[in-house]
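Read through the structure below, which is laid out as structure tokens, and then see the notes.
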Amino acid sequence: MFIRLWSLLRGKTKNKKQTDQAWAGRIKMPYFGLACLALFFLMVLFAEFLAPLDPLQGDLLKASLPPFWMDGGSWHNILGTDMLGRDVLSRLIYGARSSLIISVGCVAFYATIGVIIGLISGYVGGRIDMIIMRIADLWLSVPGIILLFVLASINGPSARTLILTFGIMGWPYTARIVRGETLSLKQRDFVKLAKVAGCSNLRIMFSHILPNIVNTLIILVTIDIGGIIVYTATMSFLGLGTQPPSCDWGLMLAEGKQYITYAWWLVTFPGIAIVIAVLGFNLTGDWIRELLDPKQKLQ
Amino acid sequence: MMMEQTNGQPGKVLEVNDLRTFFYTKKGVVKAVDGVSFDVDRGEIVGLVGESGCGKSITSLSIMRLVPQPAGRIVSGRILFNGEDLQLKSEEDMRRLRGDRLSMILQDPMVSMNQILTVGYQLGEVFRYHDKTGNTLREKCIRILEKVKVPSPERRIDDYPFQFSGGMCQRVLISMGIANNPDLLIADEPTTALDVTIRAQILHLMREICKESGTSIILITHDLATVAQICTRVIVMYAGRIVEQAPVKAFYKTPCHPYTVCLIKSVPVLGRRTERLFSIGGTPPNLLHPPQGCRFEPRCSQALEICRSQYPPEKEIAAGHRVSCWLYGQD
């Protein structure tokens, strides 16, 4: 699946070169979404080169300067400075890294567990399915934030604790969706065909059924990444995630909230950054889903 | 391949003895297959005919041991394949057998294939587990597609099933069925989706393969013309039971069971104009509550008193011609 996407994007598909490229061209590229995502990844990868100033180095003499276009603002601190005189833009750029690591880490963690459990539950069915789904229900009834409090009080609040908590807590959502899809897919004739051909159950699950779920998964995962970015920002805002003085968008929101009445830029810019990242993931996810659907080629 | 003849008669690929496959539903027990016995000789093509829902497909799925779970279950009966009881085999052994010695062509080729995997990938599954030659998977797939006359297979192998026409998909399924020269091939309506010219080609192809590799074929079909073309023997099923088995000539010349007679009468004949095509009155019985006696009795024009209360035993009225009907003696 991913190899196909990869070769498709490079235009290197064997044999069907023309048709594939023509088809890929017909689906509208989400330029805005891709631009958002590009900006986000640029910040993640090249924070050292992009950031004009040291994000941790404060200058109290320059505390709470407004953005450059306002009175008192300067080009030295384009988006202004915070209460400790740290450059907002630099902190934003470095903060992308923490957002990406946490959100992708969380989603990858629980989506993997969820897919495996969901596939087994849906495919095997019967009593095993029932037991797994009841455990999932049980799991869902544990409030994640309480668990996070507990883990944070044991290990100390940190990005790692955050990833661990969401990783453990998130699987039932994915598992349920994957199970539902598997339940309907296993009734389909291609499963019978694979059985007639002598495929083992494991092979049917992972090579025949899973590719049919990938489209759903991609949407799920990209939207979840967006959601987790917001959620981790919330947790950092509450002081349960990344700890100061490191850079994190949620943390910046939290620190800025007390000064919102006279230093609006402290909360506005991290907010915009979160919106852009989430939008980028969602729009791009939608596009990938369309691209991966071979039936699109016919239309 | 060497065969172990542990029991069963020599020369028989398949012996089915009193097979009963029931479905346990909320409304009750559906007796989809209720006491079916037949056997298949080596290299023989047997036609299995009957109306929709008379248990043809379930019989074949029972042989493959792929009856839909958990509702369906093989309640009793013995299925000997090459003399080995399939009921006693482990799931793993069954899996090894499927697609290799024992294979099946599913009905509905367009729906049977996974739409988002390439044809070559799905075709490769039959070779993945049952490797015989040193060729790469790809070469083997191309070769087998050539055999069923898919044009330019080396290109089509990377296509997706929806880029294939119905006939092409059917060929792919057939090629999967015959890939490993099985001992027994169950073809579940392999030509239903095809137009007449391709149908003839496919049937010809199946007969050739049967001759070449000594494969026995159970051909499940509605189409009596197809049966006449390639089968050597015909088994007629009605409401979960076999009503008549006969060599193909006897089947057309001297059909015995009233149901078989009706079946043959309802085939339109070219050149003979009749007011209306013959059809059998009534509908097949509900298999939840089948009639106590002969299952065809409610629709039978020659029904006797005894038909209502007792199911007729199977009688051999000529060599290889067996029928279950009270009209042919009551002893």
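Ordering of the structure tokens sets the chain letters (A, B, ...), residue numbers begin anew at 1 in every chain, and ligands are numbered from 1 in the order given.
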- Message: What's around B:Thr226 at 12 Å? Count only C-alpha atoms, leave out sequence neighbours fewer than 4 positions away in its own chain, and write the answer as a ChimeraX atom specification.
- Response: /B:45-49,189-192,196,199-204,206-207,219-222,230-232,234,248
- Using only C-alpha atoms, select each residue of chain B with any atom at most 9 Å away from an atom of chain A, and give the selection as a PyMOL selection string. chain B and resi 64+66+70+92+94-100+102-106+108+111-117+122-123+125-130+155+158-160+162-163+173+176-177
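Atom pair atom CA of B:Thr260 / atom CA of B:Asp223: separated by 13.2 Å.
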What's the 12 Å shell around B:Val29, counting only C-alpha atoms, without same-chain residues fewer than 4 positions away, as a JSON list (two decimals) with C-alpha atoms, in the first residue's frame?
[["chain", "number", "residue", "atom", "x", "y", "z"],
["B", 20, "ARG", "CA", -25.82, -33.79, 6.67],
["B", 21, "THR", "CA", -25.06, -30.09, 6.98],
["B", 22, "PHE", "CA", -27.45, -28.08, 9.09],
["B", 23, "PHE", "CA", -27.70, -24.39, 9.86],
["B", 24, "TYR", "CA", -28.69, -23.47, 13.35],
["B", 25, "THR", "CA", -30.64, -20.23, 13.08],
["B", 33, "VAL", "CA", -28.01, -30.84, 3.11],
["B", 34, "ASP", "CA", -29.81, -33.84, 4.52],
["B", 71, "ALA", "CA", -24.37, -21.17, 12.18],
["B", 72, "GLY", "CA", -23.53, -24.01, 9.82],
["B", 73, "ARG", "CA", -22.28, -27.37, 10.94],
["B", 75, "VAL", "CA", -23.83, -32.86, 11.62],
["B", 286, "ASN", "CA", -38.99, -24.54, 3.27],
["B", 287, "LEU", "CA", -35.97, -26.38, 4.60],
["B", 288, "LEU", "CA", -36.87, -25.35, 8.13],
["B", 289, "HIS", "CA", -39.82, -27.72, 7.97],
["B", 290, "PRO", "CA", -39.32, -30.08, 5.04]]
- Item | Distance of atom CA of B:Gln107 from atom CA of B:Asn181, expressed in Å to one decimal place | 19.7 Å
